[in-house]
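This is start-v5.cif (mmCIF, N, CA and C atoms).
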data_final
#
loop_
_atom_site.label_atom_id
_atom_site.label_comp_id
_atom_site.auth_asym_id
_atom_site.auth_seq_id
_atom_site.Cartn_x
_atom_site.Cartn_y
_atom_site.Cartn_z
N MET B 1 85.66 75.45 130.34
CA MET B 1 86.59 75.94 129.32
C MET B 1 86.90 77.40 129.62
N VAL B 2 88.15 77.77 129.46
CA VAL B 2 88.56 79.15 129.69
C VAL B 2 87.95 80.05 128.62
N ASP B 3 87.35 81.15 129.06
CA ASP B 3 86.79 82.15 128.16
C ASP B 3 87.92 83.12 127.80
N GLU B 4 88.14 83.36 126.53
CA GLU B 4 89.20 84.27 126.09
C GLU B 4 89.01 85.68 126.63
N LYS B 5 87.79 86.01 127.07
CA LYS B 5 87.50 87.35 127.59
C LYS B 5 87.70 87.43 129.10
N ASP B 6 88.03 86.31 129.75
CA ASP B 6 88.32 86.27 131.17
C ASP B 6 89.56 87.14 131.43
N SER B 7 89.59 87.86 132.55
CA SER B 7 90.69 88.79 132.81
C SER B 7 92.06 88.10 132.83
N GLN B 8 92.14 86.91 133.42
CA GLN B 8 93.41 86.19 133.44
C GLN B 8 93.81 85.77 132.03
N ALA B 9 92.84 85.33 131.23
CA ALA B 9 93.12 84.93 129.85
C ALA B 9 93.64 86.12 129.05
N ILE B 10 93.05 87.28 129.25
CA ILE B 10 93.49 88.48 128.53
C ILE B 10 94.92 88.83 128.93
N THR B 11 95.20 88.80 130.23
CA THR B 11 96.55 89.12 130.72
C THR B 11 97.60 88.19 130.12
N LEU B 12 97.25 86.91 130.02
CA LEU B 12 98.20 85.92 129.50
C LEU B 12 98.15 85.77 127.98
N GLY B 13 97.22 86.48 127.34
CA GLY B 13 97.10 86.39 125.89
C GLY B 13 96.54 85.07 125.41
N TYR B 14 95.77 84.38 126.28
CA TYR B 14 95.22 83.07 125.91
C TYR B 14 94.24 83.17 124.75
N VAL B 15 94.43 82.29 123.78
CA VAL B 15 93.49 82.12 122.67
C VAL B 15 93.29 80.62 122.47
N ALA B 16 92.08 80.23 122.11
CA ALA B 16 91.77 78.81 121.92
C ALA B 16 92.40 78.26 120.65
N ASP B 17 92.79 79.14 119.74
CA ASP B 17 93.43 78.75 118.48
C ASP B 17 94.78 79.47 118.43
N ALA B 18 95.86 78.73 118.62
CA ALA B 18 97.20 79.32 118.71
C ALA B 18 97.56 80.19 117.51
N THR B 19 96.99 79.92 116.36
CA THR B 19 97.33 80.72 115.17
C THR B 19 96.80 82.15 115.30
N ARG B 20 95.91 82.39 116.27
CA ARG B 20 95.37 83.73 116.49
C ARG B 20 96.11 84.48 117.60
N ALA B 21 97.20 83.93 118.10
CA ALA B 21 97.97 84.60 119.16
C ALA B 21 98.45 85.96 118.65
N ASP B 22 98.43 86.96 119.54
CA ASP B 22 98.88 88.31 119.18
C ASP B 22 100.40 88.32 119.14
N LYS B 23 100.94 88.07 117.96
CA LYS B 23 102.38 87.93 117.79
C LYS B 23 103.13 89.25 117.98
N ASP B 24 102.43 90.38 117.81
CA ASP B 24 103.07 91.67 118.03
C ASP B 24 103.22 91.96 119.52
N LYS B 25 102.19 91.62 120.29
CA LYS B 25 102.21 91.86 121.73
C LYS B 25 103.03 90.82 122.48
N PHE B 26 102.95 89.58 122.03
CA PHE B 26 103.64 88.47 122.71
C PHE B 26 104.75 87.93 121.81
N LYS B 27 105.91 88.55 121.92
CA LYS B 27 107.06 88.19 121.08
C LYS B 27 107.57 86.79 121.39
N SER B 28 107.15 86.23 122.53
CA SER B 28 107.59 84.88 122.90
C SER B 28 106.89 83.79 122.10
N TYR B 29 105.87 84.16 121.33
CA TYR B 29 105.14 83.16 120.54
C TYR B 29 106.08 82.46 119.56
N ILE B 30 106.02 81.14 119.55
CA ILE B 30 106.80 80.34 118.61
C ILE B 30 105.81 79.63 117.69
N PRO B 31 105.89 79.85 116.38
CA PRO B 31 104.96 79.17 115.47
C PRO B 31 104.94 77.66 115.73
N GLY B 32 103.75 77.11 115.80
CA GLY B 32 103.59 75.69 116.05
C GLY B 32 103.39 75.34 117.52
N SER B 33 103.66 76.30 118.42
CA SER B 33 103.45 76.02 119.84
C SER B 33 101.96 76.08 120.16
N GLN B 34 101.51 75.19 121.01
CA GLN B 34 100.12 75.18 121.45
C GLN B 34 100.03 74.47 122.79
N CYS B 35 98.91 74.62 123.45
CA CYS B 35 98.74 74.08 124.81
C CYS B 35 99.10 72.61 124.92
N SER B 36 98.75 71.81 123.94
CA SER B 36 99.01 70.37 124.03
C SER B 36 100.50 70.05 124.15
N GLY B 37 101.37 70.97 123.76
CA GLY B 37 102.81 70.76 123.85
C GLY B 37 103.45 71.53 124.99
N CYS B 38 102.62 72.04 125.91
CA CYS B 38 103.10 72.86 127.02
C CYS B 38 103.26 72.04 128.29
N ALA B 39 104.28 72.35 129.07
CA ALA B 39 104.54 71.66 130.33
C ALA B 39 103.43 71.89 131.35
N LEU B 40 102.65 72.94 131.20
CA LEU B 40 101.57 73.26 132.15
C LEU B 40 100.25 72.59 131.80
N TYR B 41 100.18 71.98 130.62
CA TYR B 41 98.95 71.34 130.13
C TYR B 41 98.78 69.98 130.79
N LEU B 42 97.57 69.72 131.29
CA LEU B 42 97.30 68.48 132.02
C LEU B 42 96.51 67.45 131.21
N GLY B 43 96.09 67.81 129.99
CA GLY B 43 95.34 66.88 129.16
C GLY B 43 96.22 65.77 128.62
N LYS B 44 95.58 64.74 128.11
CA LYS B 44 96.30 63.61 127.52
C LYS B 44 96.47 63.84 126.02
N ALA B 45 97.44 63.19 125.43
CA ALA B 45 97.67 63.28 123.99
C ALA B 45 96.39 62.89 123.26
N GLY B 46 95.98 63.69 122.31
CA GLY B 46 94.79 63.41 121.52
C GLY B 46 93.52 64.05 122.06
N ASP B 47 93.55 64.54 123.32
CA ASP B 47 92.37 65.21 123.89
C ASP B 47 92.18 66.56 123.20
N ALA B 48 90.92 66.96 123.00
CA ALA B 48 90.62 68.26 122.40
C ALA B 48 90.86 69.39 123.40
N SER B 49 90.77 69.07 124.68
CA SER B 49 91.02 70.06 125.73
C SER B 49 91.49 69.34 126.98
N GLY B 50 92.02 70.12 127.90
CA GLY B 50 92.49 69.54 129.15
C GLY B 50 92.76 70.62 130.17
N GLY B 51 93.05 70.23 131.37
CA GLY B 51 93.33 71.18 132.43
C GLY B 51 94.66 71.90 132.20
N CYS B 52 94.82 72.99 132.94
CA CYS B 52 96.05 73.77 132.87
C CYS B 52 96.39 74.23 134.28
N LEU B 53 97.65 74.16 134.64
CA LEU B 53 98.07 74.58 135.98
C LEU B 53 97.80 76.05 136.24
N LEU B 54 97.70 76.86 135.20
CA LEU B 54 97.44 78.30 135.38
C LEU B 54 95.97 78.63 135.54
N PHE B 55 95.11 77.86 134.93
CA PHE B 55 93.67 78.12 134.96
C PHE B 55 92.99 77.03 135.80
N GLN B 56 93.16 77.09 137.10
CA GLN B 56 92.65 76.07 138.01
C GLN B 56 91.16 75.84 137.83
N GLY B 57 90.79 74.57 137.67
CA GLY B 57 89.38 74.20 137.57
C GLY B 57 88.76 74.42 136.21
N LYS B 58 89.56 74.85 135.23
CA LYS B 58 89.04 75.10 133.89
C LYS B 58 89.92 74.38 132.87
N ASN B 59 89.31 74.03 131.77
CA ASN B 59 90.06 73.42 130.67
C ASN B 59 90.48 74.47 129.67
N VAL B 60 91.55 74.19 128.96
CA VAL B 60 92.01 75.00 127.85
C VAL B 60 91.98 74.13 126.60
N ALA B 61 91.87 74.75 125.46
CA ALA B 61 91.88 74.00 124.20
C ALA B 61 93.28 73.46 123.94
N ALA B 62 93.38 72.22 123.51
CA ALA B 62 94.69 71.64 123.18
C ALA B 62 95.38 72.47 122.10
N SER B 63 94.58 73.08 121.23
CA SER B 63 95.11 73.89 120.13
C SER B 63 95.33 75.35 120.54
N GLY B 64 95.15 75.65 121.83
CA GLY B 64 95.29 77.02 122.32
C GLY B 64 96.73 77.41 122.60
N TRP B 65 96.90 78.64 123.12
CA TRP B 65 98.22 79.17 123.44
C TRP B 65 98.07 80.31 124.43
N CYS B 66 99.07 80.49 125.29
CA CYS B 66 99.16 81.69 126.13
C CYS B 66 100.63 82.03 126.31
N SER B 67 100.88 83.22 126.85
CA SER B 67 102.26 83.71 126.96
C SER B 67 103.10 82.94 127.98
N SER B 68 102.49 82.08 128.77
CA SER B 68 103.24 81.26 129.72
C SER B 68 103.65 79.92 129.14
N TRP B 69 103.44 79.74 127.84
CA TRP B 69 103.76 78.47 127.19
C TRP B 69 105.22 78.10 127.46
N ALA B 70 105.41 76.85 127.88
CA ALA B 70 106.76 76.30 128.13
C ALA B 70 106.80 74.91 127.53
N LYS B 71 107.76 74.66 126.67
CA LYS B 71 107.84 73.38 125.97
C LYS B 71 107.87 72.21 126.95
N LYS B 72 107.03 71.22 126.65
CA LYS B 72 106.98 69.99 127.45
C LYS B 72 108.30 69.25 127.30
N ALA B 73 108.81 68.73 128.40
CA ALA B 73 110.09 68.01 128.37
C ALA B 73 109.94 66.65 127.71
#
Using structure tokens, write down the structure that the file contains.
Amino acid sequence: MVDEKDSQAITLGYVADATRADKDKFKSYIPGSQCSGCALYLGKAGDASGGCLLFQGKNVAASGWCSSWAKKA
């Protein structure tokens, strides 16, 4: 699981709970967006966590968020 204190996580503003995203620093945050709805998320629907193309070899929380969030098609 990605540690929020990891340098890459800090740079991307990753938080395991999207409601805690720094909305002042990351203006791209859209209320309701979270990792499970991101094009970079590799987990399956209903999983509590899953892989992410940005954090190779680590899982992110399905309820998480980072500044690279891109809506799943």
- line: CA of Asp6 (chain B) to atom C of Ala73 (chain B) measures 29.4 Å
query: Restricting the calculation to all atoms listed in the file, which member of B:Cys66, B:Lys72, B:Ala48, B:Gly57 is positioned closest to Thr11 (chain B)?
result: B:Cys66
message: Give me, as a count of residues only, the residues of chain B that a backbone DSSP run labels alpha helix (DSSP H).
response: 6
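For the pair CA of Ala61 (chain B) and CA of Cys35 (chain B), the interatomic distance is 6.9 Å.
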message: Env of Ser63 (chain B): 5 Å cut, atoms = all atoms listed in the file, seq-sep filter 2 positions within chain, self excluded. Answer as a ChimeraX atom specification.
response: /B:16-18,34-35,61,65
message: Which residue is closest to Lys58 (chain B)? Choose from B:Leu42, B:Arg20, B:Pro31, B:Lys71 and count only C-alpha atoms.
response: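 When distances to Lys58 (chain B) are compared using only C-alpha atoms, the smallest one comes from B:Leu42.
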Expected selection from the PyMOL selection byres (((chain B and resi 56 and name CA) around 12) and name CA), given as a list in words: Met1, Val2, Gln8, Leu40, Tyr41, Leu42, Gly50, Gly51, Cys52, Leu53, Leu54, Phe55, Gly57, Lys58, Asn59 and Val60 of chain B
query: Between CA of Phe26 (chain B) and CA of Gly64 (chain B), what is the spacing in Å?
result: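 So the answer is 14.2 Å.
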task: Neighbourhood query: residues within 8 Å of (100.0, 68.0, 122.9), file coordinates, counting only N, CA and C atoms; return as a list in words.
output: Gln34, Cys35, Ser36, Gly37, Cys38, Gly43, Lys44, Ala45, Gly46, Asp47, Ala62 and Ser63 of chain B
Please, what is the axis-aligned box for every listed atom of region 34-46 of chain B with 6 Å on each side, as centre and edge lengths in Å to one decimal, as AutoDock Vina command-line options?
--center_x 99.0 --center_y 69.0 --center_z 126.6 --size_x 23.0 --size_y 24.3 --size_z 23.1
- prompt: Pick the closest to Ser67 (chain B) from B:Leu12, B:Thr19, B:Ala39, B:Lys27: which is it, counting only C-alpha atoms?
  reply: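 Counting only C-alpha atoms, the residue closest to Ser67 (chain B) is B:Leu12.
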